[in-house]
Structures are given as C-alpha cells and as structure tokens.
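Below is the file data_23.cif, which contains mmCIF, C-alpha atoms.
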data_protein
loop_
_atom_site.label_atom_id
_atom_site.label_comp_id
_atom_site.auth_asym_id
_atom_site.auth_seq_id
_atom_site.Cartn_x
_atom_site.Cartn_y
_atom_site.Cartn_z
CA MET M 1 109.95 160.53 176.37
CA THR M 2 108.79 157.53 174.37
CA ALA M 3 109.84 157.05 170.79
CA ALA M 4 107.32 157.79 168.05
CA THR M 5 105.69 154.61 166.79
CA ILE M 6 103.85 153.34 163.76
CA THR M 7 101.43 150.45 163.34
CA ILE M 8 102.10 147.74 160.78
CA GLN M 9 100.58 144.36 159.97
CA VAL M 10 102.87 141.34 160.38
CA ASN M 11 101.46 138.05 159.13
CA GLY M 12 97.95 139.39 159.56
CA GLU M 13 98.39 140.79 163.05
CA SER M 14 98.77 144.41 164.10
CA GLN M 15 102.10 145.33 165.59
CA THR M 16 103.51 148.63 166.85
CA VAL M 17 107.13 149.45 166.07
CA ASN M 18 109.36 152.48 166.58
CA VAL M 19 109.72 154.88 163.70
CA GLY M 20 112.87 153.97 161.81
CA THR M 21 112.62 150.21 162.45
CA THR M 22 114.07 148.22 159.55
CA ILE M 23 113.06 144.80 158.30
CA ALA M 24 116.35 143.48 159.71
CA ASN M 25 115.35 144.85 163.16
CA LEU M 26 111.94 143.21 162.86
CA LEU M 27 113.51 139.81 162.14
CA GLU M 28 115.93 140.21 165.05
CA ASN M 29 113.00 140.87 167.39
CA LEU M 30 111.29 137.73 166.12
CA GLY M 31 114.26 135.76 167.40
CA HIS M 32 114.23 133.14 164.65
CA ASN M 33 117.08 132.21 162.35
CA PRO M 34 116.84 134.86 159.59
CA ARG M 35 118.42 132.46 157.08
CA TYR M 36 115.20 130.46 157.22
CA LEU M 37 112.98 133.44 156.39
CA ALA M 38 111.84 135.55 153.45
CA VAL M 39 109.99 138.84 153.71
CA GLU M 40 107.41 140.69 151.63
CA GLN M 41 106.52 144.35 152.12
CA ASN M 42 103.11 145.19 150.62
CA ARG M 43 103.18 142.05 148.45
CA CYS M 44 106.67 142.79 147.07
CA LEU M 45 109.65 140.63 147.96
CA VAL M 46 112.38 142.45 149.89
CA ARG M 47 115.70 140.77 149.12
CA ARG M 48 117.88 139.71 152.01
CA ALA M 49 120.59 142.23 151.13
CA GLU M 50 118.05 145.05 151.46
CA HIS M 51 116.67 144.11 154.90
CA ALA M 52 119.00 146.42 156.81
CA GLN M 53 118.16 149.43 154.63
CA CYS M 54 114.41 148.86 154.31
CA ILE M 55 112.64 151.10 156.86
CA LEU M 56 109.09 150.14 157.80
CA GLN M 57 106.36 152.65 156.98
CA ALA M 58 103.01 153.15 158.73
CA ASN M 59 100.36 150.63 157.62
CA ASP M 60 102.91 148.41 155.87
CA ILE M 61 101.67 144.89 155.30
CA ILE M 62 104.55 142.56 156.07
CA GLU M 63 104.61 138.84 155.37
CA ILE M 64 107.37 136.74 156.95
CA VAL M 65 107.51 133.20 155.61
CA THR M 66 109.58 130.08 156.06
CA LEU M 67 109.67 126.54 154.72
CA VAL M 68 107.27 123.94 156.13
CA GLY M 69 106.45 120.33 155.31
CA GLY M 70 104.61 119.92 152.03
CA GLY M 71 104.10 117.69 149.03
CA MET A 1 132.63 84.88 136.50
CA ASN A 2 131.68 88.55 136.63
CA THR A 3 128.30 89.49 138.05
CA PRO A 4 126.44 91.36 135.33
CA SER A 5 125.57 94.96 136.19
CA LEU A 6 122.76 97.12 134.83
CA GLN A 7 123.26 100.72 133.86
CA ASP A 8 120.62 103.44 133.87
CA SER A 9 120.78 107.06 132.87
CA GLU A 10 120.29 109.83 135.39
CA LEU A 11 117.05 111.72 135.83
CA VAL A 12 117.74 115.09 134.20
CA LEU A 13 115.49 117.97 135.24
CA GLY A 14 116.73 121.17 133.66
CA ASN A 15 120.27 121.64 134.96
CA HIS A 16 119.75 119.13 137.80
CA ARG A 17 120.77 115.46 137.59
CA PHE A 18 119.76 112.69 139.98
CA LYS A 19 120.21 108.94 140.38
CA SER A 20 116.92 108.54 142.24
CA ARG A 21 113.69 108.89 140.29
CA LEU A 22 111.55 109.20 143.40
CA ILE A 23 110.76 112.69 144.66
CA VAL A 24 109.15 112.80 148.08
CA GLY A 25 107.25 115.39 150.05
CA THR A 26 107.88 116.44 153.63
CA GLY A 27 104.29 117.08 154.74
CA LYS A 28 101.95 115.29 157.13
CA TYR A 29 104.56 113.38 159.16
CA GLN A 30 103.75 112.76 162.84
CA THR A 31 107.21 114.01 163.82
CA TYR A 32 110.17 115.68 162.13
CA ASP A 33 112.34 112.73 163.24
CA LEU A 34 110.09 110.30 161.39
CA MET A 35 110.15 112.53 158.33
CA ARG A 36 113.94 112.62 158.35
CA ASP A 37 114.17 108.83 158.61
CA CYS A 38 111.61 108.28 155.82
CA LEU A 39 113.45 110.66 153.51
CA SER A 40 116.63 108.75 154.21
CA ILE A 41 115.10 105.30 153.60
CA SER A 42 113.43 106.48 150.37
CA GLU A 43 116.88 107.43 148.99
CA ALA A 44 115.21 110.42 147.35
CA GLU A 45 117.56 113.23 146.35
CA VAL A 46 114.83 115.80 145.78
CA ILE A 47 112.34 116.70 148.50
CA THR A 48 109.43 119.11 148.27
CA VAL A 49 108.52 121.73 150.84
CA ALA A 50 105.82 124.38 151.16
CA ILE A 51 106.11 128.07 152.05
CA ARG A 52 104.01 129.43 154.90
CA ARG A 53 103.88 132.26 157.41
CA GLU A 54 106.53 131.97 160.12
CA ARG A 55 105.43 131.10 163.67
CA LEU A 56 101.97 129.93 162.80
CA ILE A 57 103.01 126.34 162.14
CA ASP A 58 105.13 124.79 164.90
CA ASP A 59 104.29 126.09 168.37
CA GLN A 60 107.52 124.65 169.74
CA GLY A 61 109.45 127.08 167.56
CA ARG A 62 111.25 124.34 165.66
CA ASN A 63 111.86 124.67 161.96
CA ILE A 64 111.73 121.82 159.47
CA LEU A 65 115.12 122.96 158.17
CA ASP A 66 116.70 121.79 161.43
CA PHE A 67 115.79 118.24 160.32
CA ILE A 68 116.90 118.41 156.69
CA ASP A 69 120.48 117.84 155.56
CA LEU A 70 120.88 120.72 153.11
CA ASP A 71 124.05 119.20 151.64
CA LYS A 72 122.25 115.96 150.83
CA TYR A 73 118.93 117.10 149.39
CA THR A 74 117.94 119.43 146.60
CA ILE A 75 114.90 121.23 147.92
CA LEU A 76 111.97 121.74 145.57
CA PRO A 77 109.70 124.47 146.95
CA ASN A 78 106.04 124.26 145.94
CA THR A 79 103.28 126.80 145.52
CA ALA A 80 100.70 124.54 147.16
CA GLY A 81 97.65 126.35 148.41
CA CYS A 82 97.77 129.07 145.73
CA PHE A 83 94.58 129.66 143.76
CA THR A 84 95.74 132.48 141.47
CA ALA A 85 98.72 132.86 139.14
CA GLU A 86 99.68 136.04 141.00
CA ASP A 87 99.90 134.30 144.37
CA ALA A 88 101.81 131.35 142.89
CA VAL A 89 104.40 133.70 141.39
CA ARG A 90 104.75 135.54 144.74
CA VAL A 91 105.21 132.30 146.65
CA ALA A 92 107.72 130.98 144.11
CA ARG A 93 109.82 134.13 144.57
CA LEU A 94 109.65 133.83 148.37
CA GLY A 95 110.83 130.23 148.09
CA ARG A 96 113.71 131.23 145.85
CA GLU A 97 114.70 133.92 148.33
CA ILE A 98 114.89 131.39 151.19
CA LEU A 99 116.78 128.78 149.17
CA GLU A 100 119.26 131.38 147.93
CA GLY A 101 119.94 132.26 151.55
CA LEU A 102 120.49 128.58 152.31
CA GLU A 103 122.70 128.20 149.21
CA ASN A 104 120.70 125.11 148.25
CA PRO A 105 120.76 124.07 144.57
CA GLY A 106 116.94 124.16 144.59
CA MET A 107 117.06 127.97 144.41
CA ASP A 108 116.46 128.01 140.66
CA TRP A 109 113.32 125.91 140.40
CA VAL A 110 109.77 125.55 141.68
CA LYS A 111 107.00 122.98 141.77
CA LEU A 112 104.13 125.04 140.43
CA GLU A 113 100.62 124.32 141.70
CA VAL A 114 97.74 126.65 140.96
CA LEU A 115 94.61 125.04 142.29
CA GLY A 116 91.02 125.38 141.15
CA ASP A 117 89.19 124.49 144.35
CA THR A 118 89.73 123.03 147.79
CA LYS A 119 87.49 119.99 147.36
CA THR A 120 89.29 118.36 144.44
CA LEU A 121 92.62 120.23 144.65
CA LEU A 122 92.61 119.90 140.88
CA PRO A 123 94.76 122.45 139.08
CA ASP A 124 93.22 125.44 137.32
CA PRO A 125 94.70 124.94 133.84
CA ILE A 126 94.33 128.54 132.65
CA SER A 127 95.97 130.07 135.74
CA THR A 128 98.61 127.33 135.76
CA LEU A 129 99.57 128.19 132.18
CA LYS A 130 99.68 131.91 133.00
CA ALA A 131 101.89 131.33 136.05
CA THR A 132 104.17 129.01 134.06
CA GLU A 133 104.76 131.75 131.47
CA GLN A 134 105.51 134.34 134.15
CA LEU A 135 107.85 132.12 136.14
CA VAL A 136 109.75 130.96 133.04
CA ALA A 137 110.18 134.64 132.08
CA ASP A 138 111.48 135.28 135.60
CA GLY A 139 114.21 132.65 135.16
CA PHE A 140 112.65 129.75 137.07
CA GLN A 141 112.86 126.15 136.01
CA VAL A 142 109.21 125.25 136.37
CA LEU A 143 108.06 121.73 137.26
CA VAL A 144 104.35 122.02 136.78
CA TYR A 145 101.57 120.03 138.42
CA THR A 146 98.68 119.47 136.03
CA THR A 147 95.89 117.02 135.30
CA ASP A 148 96.48 114.08 132.98
CA ASP A 149 94.93 116.02 130.07
CA PRO A 150 97.37 115.71 127.15
CA MET A 151 96.39 119.04 125.56
CA THR A 152 97.07 121.01 128.74
CA ALA A 153 100.31 119.09 129.16
CA ARG A 154 101.37 120.07 125.66
CA ARG A 155 100.55 123.74 126.23
CA LEU A 156 102.56 123.77 129.47
CA LYS A 157 105.59 122.31 127.72
CA GLU A 158 105.24 124.90 124.94
CA ALA A 159 105.16 127.60 127.63
CA GLY A 160 108.62 126.49 128.70
CA ALA A 161 108.01 124.15 131.63
CA THR A 162 111.12 122.15 132.55
CA SER A 163 108.94 119.16 133.40
CA VAL A 164 105.23 118.51 133.11
CA MET A 165 103.86 116.54 136.06
CA PRO A 166 100.43 115.03 135.45
CA ALA A 167 98.50 113.78 138.48
CA GLY A 168 97.74 110.06 138.64
CA SER A 169 94.63 110.96 140.65
CA PRO A 170 93.69 113.82 143.01
CA ILE A 171 96.28 114.92 145.60
CA GLY A 172 96.29 112.71 148.68
CA SER A 173 93.49 110.50 147.33
CA GLY A 174 95.59 107.33 147.08
CA GLN A 175 93.63 106.22 144.02
CA GLY A 176 96.73 105.50 141.96
CA ILE A 177 96.87 105.98 138.19
CA LEU A 178 93.21 106.42 137.26
CA ASN A 179 93.71 106.88 133.53
CA PRO A 180 96.86 105.17 132.27
CA ASN A 181 95.85 105.91 128.68
CA ASN A 182 95.97 109.64 129.29
CA ILE A 183 99.42 109.29 130.87
CA ARG A 184 100.50 107.31 127.78
CA ILE A 185 99.20 110.05 125.47
CA CYS A 186 100.90 112.73 127.60
CA LEU A 187 104.15 110.77 127.25
CA GLU A 188 103.70 110.37 123.50
CA TYR A 189 102.97 114.07 122.92
CA LEU A 190 105.58 115.46 125.31
CA LYS A 191 108.37 113.15 124.20
CA GLN A 192 107.64 113.33 120.48
CA ASP A 193 110.87 114.54 118.83
CA ASP A 194 112.16 115.17 122.37
CA PRO A 195 112.54 111.74 124.00
CA ASP A 196 114.50 113.08 126.97
CA TYR A 197 111.80 115.55 128.02
CA PRO A 198 111.05 114.59 131.65
CA VAL A 199 107.51 113.66 132.65
CA ILE A 200 106.78 112.96 136.30
CA VAL A 201 103.62 111.54 137.84
CA ASP A 202 102.76 113.85 140.72
CA ALA A 203 100.00 113.00 143.18
CA GLY A 204 97.49 110.27 143.83
CA VAL A 205 99.92 107.45 144.52
CA GLY A 206 98.60 105.23 147.32
CA THR A 207 100.96 102.29 147.47
CA ALA A 208 104.00 100.70 145.87
CA SER A 209 102.16 99.13 142.95
CA ASP A 210 100.89 102.59 141.92
CA VAL A 211 104.48 103.85 141.69
CA CYS A 212 105.48 100.75 139.77
CA VAL A 213 102.58 101.13 137.30
CA ALA A 214 103.47 104.78 136.72
CA MET A 215 107.10 103.96 136.04
CA GLU A 216 106.18 101.03 133.78
CA LEU A 217 104.12 103.44 131.68
CA GLY A 218 107.42 105.16 130.91
CA VAL A 219 107.35 108.28 133.07
CA ASP A 220 110.72 109.55 134.25
CA GLY A 221 109.90 109.80 137.93
CA VAL A 222 107.20 109.85 140.57
CA LEU A 223 106.51 112.53 143.17
CA LEU A 224 104.57 111.50 146.26
CA ASN A 225 104.00 112.45 149.87
CA THR A 226 100.84 111.15 151.53
CA GLY A 227 101.42 107.57 150.36
CA ILE A 228 104.41 107.41 152.69
CA ALA A 229 103.52 109.92 155.41
CA GLY A 230 100.01 108.53 155.84
CA ALA A 231 100.93 104.83 155.87
CA THR A 232 100.58 102.88 159.14
CA ASP A 233 104.34 102.28 159.05
CA PRO A 234 105.75 105.17 157.01
CA LEU A 235 109.34 103.94 157.26
CA ARG A 236 108.51 100.59 155.71
CA MET A 237 106.35 102.26 153.06
CA ALA A 238 109.24 104.59 152.16
CA ASN A 239 111.39 101.52 151.57
CA SER A 240 108.67 99.91 149.48
CA MET A 241 108.15 103.06 147.35
CA LYS A 242 111.88 103.21 146.64
CA LYS A 243 111.93 99.61 145.44
CA ALA A 244 108.73 100.01 143.41
CA CYS A 245 110.20 103.01 141.63
CA GLN A 246 113.33 101.06 140.73
CA ALA A 247 111.31 97.97 139.73
CA GLY A 248 108.98 99.95 137.50
CA ARG A 249 111.86 101.79 135.88
CA ASP A 250 113.66 98.54 135.12
CA ALA A 251 110.49 96.97 133.73
CA SER A 252 109.93 100.00 131.54
CA LEU A 253 113.48 99.84 130.14
CA ALA A 254 113.31 96.06 129.76
CA GLY A 255 110.19 96.12 127.59
CA ARG A 256 107.35 93.90 128.64
CA ILE A 257 105.96 91.02 126.58
CA PRO A 258 102.76 91.69 124.68
CA LYS A 259 99.53 90.48 126.27
CA LYS A 260 98.04 87.51 124.43
CA MET A 261 94.65 85.85 124.56
CA TYR A 262 95.95 82.27 124.79
CA ALA A 263 98.72 80.41 126.55
CA THR A 264 102.23 79.88 125.22
CA ALA A 265 104.18 77.04 126.82
CA SER A 266 107.47 77.95 128.45
CA SER A 267 108.82 74.39 128.22
CA PRO A 268 109.60 72.61 124.91
CA GLU A 269 106.57 70.94 123.41
CA ILE A 270 108.64 68.15 121.86
CA GLY A 271 110.88 65.47 123.42
CA LEU A 272 108.54 64.49 126.21
CA PRO A 273 109.20 60.80 127.14
CA VAL A 274 106.12 58.73 126.44
#
If you convert what's in this file into structure tokens, what do you get?
Amino acid sequence: MTAATITIQVNGESQTVNVGTTIANLLENLGHNPRYLAVEQNRCLVRRAEHAQCILQANDIIEIVTLVGGG
Amino acid sequence: MNTPSLQDSELVLGNHRFKSRLIVGTGKYQTYDLMRDCLSISEAEVITVAIRRERLIDDQGRNILDFIDLDKYTILPNTAGCFTAEDAVRVARLGREILEGLENPGMDWVKLEVLGDTKTLLPDPISTLKATEQLVADGFQVLVYTTDDPMTARRLKEAGATSVMPAGSPIGSGQGILNPNNIRICLEYLKQDDPDYPVIVDAGVGTASDVCVAMELGVDGVLLNTGIAGATDPLRMANSMKKACQAGRDASLAGRIPKKMYATASSPEIGLPV
C-alpha cells in the first residue's frame, strides 16, 4: 500500500509529498546544507526552529531561498 | 625621527563599526574564486548579497557561502529585484533568517531596494519609504538605496533609516556621480545637527575616480559591485577602488583649496637673482 500524498508547489514547481511531511523533511530531501536556506510557507516565513514541527498541507506554496551574488 | 601617522574614525553604521569605507557586492563575477580574491584585495569588511530561490542559480550545486569567510565579513543582504514594499519586507525577513542561522553579524540589517522599473532600476520612492517604515518597526537597521533627491533622502532618514544611500547614477551604468550638487545637498540636509549620520553613495560607480569624487564630496562610504566585477581585470580594479576610497576620504578630511580664476605662484616672488 502506498502512502497518501499531497501536491504542493516548491519554488514554482509542483511536487508530490507524503502526508505528514514536514519542512525539515523537505529540506533533507533537497540535500543542500539547511543552514544556507530559509523557507516561506504561503508567503509567511517559517523560522528554523519550527521546521521540524511544520507539516506541509495540500496546495501549500513553499519558497526555499538562499544567498546568491548581488550588489 | 618618528614617521607621522594619520588617524581616521571608523565608519559607524547603526551598531556596526568598520575601518574600511568601501562596501562591495558579490554579483556578476565570472567565478566564485575570482569573487573571493576581489573581496580580499578590496579590503572591504561589508559585502552585499542577494536572496533567490535555491537550486535555480548554480547548476553545479555550489553555494556562494562556500566561498565567503563568514568570520571575516559582515554580510549585508539586499532586497534587489523587489518592486513592492511587501516583497521587499518578505525578502528582508528571509535574509535575516539565513544570517541568523549562520550567526553572522549582518543578521540585524538590510540593504533596502524597492525598484520602480526594470529599465532604469531607479527606486520607487513611495514604496521605498513604506518598506523603510515597516522594516524599522520590525527591528531592522535599514540601509536604504534611493535616488539623489534630497527631499526623499530626508524623508527616509525621518522614517528611521540607519543610512541613506543615494545613487551616483543608475545601477550598473558606470556613469559615476552625475549630480554632485544633489549629493552635496543630501549631505547638508542629512548631516544637519547630526554630523555623524552616515551617507553612502550606492550605485553607478564606474572607475576609481568616481569613488574618489564621491568620497571627496564628504560621503561616509561607497557601495559598488559592477565597477569591479565587470572590469577587464577585476582584481586590479578592486585594488584601485580600495585606494581611491582611501584617497578620497583623506582629501575630504584634509579640506581642499578653493578654486580660483587666476594663478598663485608657489615659489617666492621676491629674491630672484637678476
């Protein structure tokens, strides 16, 4: 039996995740250093300390950002 | 005989203090290695960065932070690319979140840019003022990019900006200081009864003389990126910008002679053997 899934948007692209996936899980799957990242859920910042408790909901719009070169 | 030494005060920006008065950007470099070397040669202590979606920038999976010594530099995150106050405030908060995680001292400030259009990259003064008010209320020290209009500059200071940063000319244009008189009036208005209020020329600097001119006008620092990153030899230009900043600062403190219509001899006019 496959786990129930939901669809979310991550940086503008559709992604399917298991029900119960947290923001911390999402960052782990990305495989990048989480210290370098910040996350918004539906245009609201989710603080680092809350990543492990914040469970993704269907149709969430997630933005994952980092620092890049700029002036 | 002792060699005379010259003292200068530090650049004070809110609760930050720096020896260097040159702030440099990290954008547009051909490689991260070149960027790292240019930052080092420039002797800048503050470097600006932008905030963008993860993964969509470097296809090799490298992060700029792997090339930045976080113990050496205070990172100044910008809101470049934002066209509304709302987006600028969001981006500023995202930047703060990352810098808090990195435990970098730059976590409490932001370089605010709210742009009006993509062609000129000129700031939208109304939205910039709105975003300044919101970010100040949210506890940020706001270093705000603006035009050289003295009235806007004054309103931004009144709104609580830590530093007002008028553009010399449009971002990346390399046109230098197009209206030195406006920069002078900005300085006069912003420093009236508050001589230590920091004013920084941000944007438009094309070469060393532009930095020197800005500093000679009496600004407290210069922020630039393209002038170095876009030069044929960025490393050498970084060195030149550093020296120009120091030269202009010294000239400003030294006080130049007034310009006169006619000549004044440097050698005595009497005692010539005839």
When you count only C-alpha atoms, which of these residues is closest to chain M: A:Glu97, A:Asp202, A:Asp196, A:Glu10?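 Distance minimum relative to chain M lands on A:Glu97.
Once the PyMOL selection byres ((chain M) within 6 of (chain A)) is applied to this file, the selection holds M:Arg35, M:Leu37, M:Ala38, M:Ile64, M:Val65, M:Thr66, M:Leu67, M:Val68, M:Gly69, M:Gly70, M:Gly71.
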Point-to-point distance in Å for atom CA of M:Glu63 and atom CA of M:Arg43: 7.8 Å
Residues matched by the PyMOL selection byres ((chain M and resi 59) around 8), written as number ranges by chain: M: 6-9, 57-58, 60-61
Would you output that residue set with C-alpha atoms, as a JSON list (two decimals), in the frame of the given file?
[["chain", "number", "residue", "atom", "x", "y", "z"],
["M", 6, "ILE", "CA", 103.85, 153.34, 163.76],
["M", 7, "THR", "CA", 101.43, 150.45, 163.34],
["M", 8, "ILE", "CA", 102.10, 147.74, 160.78],
["M", 9, "GLN", "CA", 100.58, 144.36, 159.97],
["M", 57, "GLN", "CA", 106.36, 152.65, 156.98],
["M", 58, "ALA", "CA", 103.01, 153.15, 158.73],
["M", 60, "ASP", "CA", 102.91, 148.41, 155.87],
["M", 61, "ILE", "CA", 101.67, 144.89, 155.30]]
To one decimal in Å, tell me the separation between atom CA of A:Pro125 and atom CA of A:Ala153.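 The value is 9.4 Å.
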Between A:Ala44, A:Ala229, A:Met215, A:Leu11, which residue has the minimum interatomic distance to A:Gly255, considering all atoms listed in the file?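 Of the candidates, the smallest distance to A:Gly255 is held by A:Met215.
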Could you pull out every residue with an atom within 7 Å of (101.7, 106.5, 134.6), file coordinates, counting only C-alpha atoms, and send them as a ChimeraX atom specification? /A:168,177,180,183-184,201,213-215,217-219
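Atom to atom, atom CA of A:Ser169 and atom CA of A:Ser9 stand 27.6 Å apart.
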Skipping near chain neighbours, those fewer than 6 positions away, what residues fall within 6 Å of A:Pro123 using all atoms listed in the file, listed as a PDB file with C-alpha atoms, in the frame of the given file?
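Result saved to around-v8.pdb:
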ATOM      1  CA  VAL A 114      97.740 126.650 140.960  1.00  0.00           C
ATOM      2  CA  LEU A 115      94.610 125.040 142.290  1.00  0.00           C
ATOM      3  CA  GLY A 116      91.020 125.380 141.150  1.00  0.00           C
ATOM      4  CA  THR A 146      98.680 119.470 136.030  1.00  0.00           C
TER       5      THR A 146
END
Could you check which residues have any atom within 12 Å of (99.8, 126.4, 126.4), counting only C-alpha atoms with coordinates taken straight from the file, and then list them as a PyMOL selection string? chain A and resi 125-133+146+150-161+164
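What the PyMOL selection byres ((chain M and resi 3) around 10) grabs from this file is Met1, Thr2, Ala4, Thr5, Ile6, Val17, Asn18, Val19 and Gly20 of chain M.
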Take stretch 2-21 of chain M, bring it up to N, CA, C and O atoms, and give me the output as a PDB file, keeping the file's coordinate frame.
ATOM      1  N   THR M   2     108.825 158.782 175.150  1.00  0.00           N
ATOM      2  CA  THR M   2     108.790 157.530 174.370  1.00  0.00           C
ATOM      3  C   THR M   2     108.987 157.842 172.890  1.00  0.00           C
ATOM      4  O   THR M   2     108.612 158.915 172.416  1.00  0.00           O
ATOM      5  N   ALA M   3     109.574 156.861 172.210  1.00  0.00           N
ATOM      6  CA  ALA M   3     109.840 157.050 170.790  1.00  0.00           C
ATOM      7  C   ALA M   3     108.528 157.052 170.010  1.00  0.00           C
ATOM      8  O   ALA M   3     107.558 156.418 170.419  1.00  0.00           O
ATOM      9  N   ALA M   4     108.505 157.788 168.909  1.00  0.00           N
ATOM     10  CA  ALA M   4     107.320 157.790 168.050  1.00  0.00           C
ATOM     11  C   ALA M   4     107.168 156.406 167.430  1.00  0.00           C
ATOM     12  O   ALA M   4     108.162 155.768 167.093  1.00  0.00           O
ATOM     13  N   THR M   5     105.923 155.960 167.318  1.00  0.00           N
ATOM     14  CA  THR M   5     105.690 154.610 166.790  1.00  0.00           C
ATOM     15  C   THR M   5     104.761 154.633 165.584  1.00  0.00           C
ATOM     16  O   THR M   5     104.043 155.615 165.355  1.00  0.00           O
ATOM     17  N   ILE M   6     104.799 153.551 164.854  1.00  0.00           N
ATOM     18  CA  ILE M   6     103.850 153.340 163.760  1.00  0.00           C
ATOM     19  C   ILE M   6     103.239 151.952 163.938  1.00  0.00           C
ATOM     20  O   ILE M   6     103.802 151.092 164.601  1.00  0.00           O
ATOM     21  N   THR M   7     102.075 151.766 163.306  1.00  0.00           N
ATOM     22  CA  THR M   7     101.430 150.450 163.340  1.00  0.00           C
ATOM     23  C   THR M   7     101.577 149.793 161.982  1.00  0.00           C
ATOM     24  O   THR M   7     101.361 150.431 160.947  1.00  0.00           O
ATOM     25  N   ILE M   8     101.972 148.524 162.018  1.00  0.00           N
ATOM     26  CA  ILE M   8     102.100 147.740 160.780  1.00  0.00           C
ATOM     27  C   ILE M   8     101.359 146.419 160.973  1.00  0.00           C
ATOM     28  O   ILE M   8     100.966 146.088 162.095  1.00  0.00           O
ATOM     29  N   GLN M   9     101.163 145.704 159.900  1.00  0.00           N
ATOM     30  CA  GLN M   9     100.580 144.360 159.970  1.00  0.00           C
ATOM     31  C   GLN M   9     101.702 143.363 159.700  1.00  0.00           C
ATOM     32  O   GLN M   9     102.387 143.470 158.679  1.00  0.00           O
ATOM     33  N   VAL M  10     101.882 142.402 160.607  1.00  0.00           N
ATOM     34  CA  VAL M  10     102.870 141.340 160.380  1.00  0.00           C
ATOM     35  C   VAL M  10     102.137 140.004 160.396  1.00  0.00           C
ATOM     36  O   VAL M  10     101.540 139.630 161.399  1.00  0.00           O
ATOM     37  N   ASN M  11     102.164 139.329 159.283  1.00  0.00           N
ATOM     38  CA  ASN M  11     101.460 138.050 159.130  1.00  0.00           C
ATOM     39  C   ASN M  11     100.019 138.142 159.636  1.00  0.00           C
ATOM     40  O   ASN M  11      99.537 137.288 160.365  1.00  0.00           O
ATOM     41  N   GLY M  12      99.368 139.241 159.255  1.00  0.00           N
ATOM     42  CA  GLY M  12      97.950 139.390 159.560  1.00  0.00           C
ATOM     43  C   GLY M  12      97.628 139.955 160.922  1.00  0.00           C
ATOM     44  O   GLY M  12      96.460 140.141 161.248  1.00  0.00           O
ATOM     45  N   GLU M  13      98.654 140.241 161.726  1.00  0.00           N
ATOM     46  CA  GLU M  13      98.390 140.790 163.050  1.00  0.00           C
ATOM     47  C   GLU M  13      99.010 142.178 163.198  1.00  0.00           C
ATOM     48  O   GLU M  13     100.122 142.421 162.731  1.00  0.00           O
ATOM     49  N   SER M  14      98.277 143.050 163.881  1.00  0.00           N
ATOM     50  CA  SER M  14      98.770 144.410 164.100  1.00  0.00           C
ATOM     51  C   SER M  14      99.957 144.414 165.046  1.00  0.00           C
ATOM     52  O   SER M  14      99.967 143.650 166.025  1.00  0.00           O
ATOM     53  N   GLN M  15     100.918 145.245 164.735  1.00  0.00           N
ATOM     54  CA  GLN M  15     102.100 145.330 165.590  1.00  0.00           C
ATOM     55  C   GLN M  15     102.551 146.793 165.584  1.00  0.00           C
ATOM     56  O   GLN M  15     102.462 147.479 164.568  1.00  0.00           O
ATOM     57  N   THR M  16     103.016 147.265 166.749  1.00  0.00           N
ATOM     58  CA  THR M  16     103.510 148.630 166.850  1.00  0.00           C
ATOM     59  C   THR M  16     105.030 148.605 166.918  1.00  0.00           C
ATOM     60  O   THR M  16     105.604 147.850 167.710  1.00  0.00           O
ATOM     61  N   VAL M  17     105.661 149.398 166.068  1.00  0.00           N
ATOM     62  CA  VAL M  17     107.130 149.450 166.070  1.00  0.00           C
ATOM     63  C   VAL M  17     107.581 150.908 166.109  1.00  0.00           C
ATOM     64  O   VAL M  17     106.828 151.809 165.734  1.00  0.00           O
ATOM     65  N   ASN M  18     108.797 151.122 166.554  1.00  0.00           N
ATOM     66  CA  ASN M  18     109.360 152.480 166.580  1.00  0.00           C
ATOM     67  C   ASN M  18     109.575 152.988 165.150  1.00  0.00           C
ATOM     68  O   ASN M  18     109.903 152.212 164.245  1.00  0.00           O
ATOM     69  N   VAL M  19     109.395 154.267 164.984  1.00  0.00           N
ATOM     70  CA  VAL M  19     109.720 154.880 163.700  1.00  0.00           C
ATOM     71  C   VAL M  19     111.203 154.600 163.409  1.00  0.00           C
ATOM     72  O   VAL M  19     112.047 154.714 164.305  1.00  0.00           O
ATOM     73  N   GLY M  20     111.476 154.236 162.181  1.00  0.00           N
ATOM     74  CA  GLY M  20     112.870 153.970 161.810  1.00  0.00           C
ATOM     75  C   GLY M  20     113.266 152.505 161.903  1.00  0.00           C
ATOM     76  O   GLY M  20     114.383 152.135 161.534  1.00  0.00           O
ATOM     77  N   THR M  21     112.330 151.652 162.384  1.00  0.00           N
ATOM     78  CA  THR M  21     112.620 150.210 162.450  1.00  0.00           C
ATOM     79  C   THR M  21     112.804 149.654 161.046  1.00  0.00           C
ATOM     80  O   THR M  21     112.012 149.947 160.152  1.00  0.00           O
TER      81      THR M  21
END
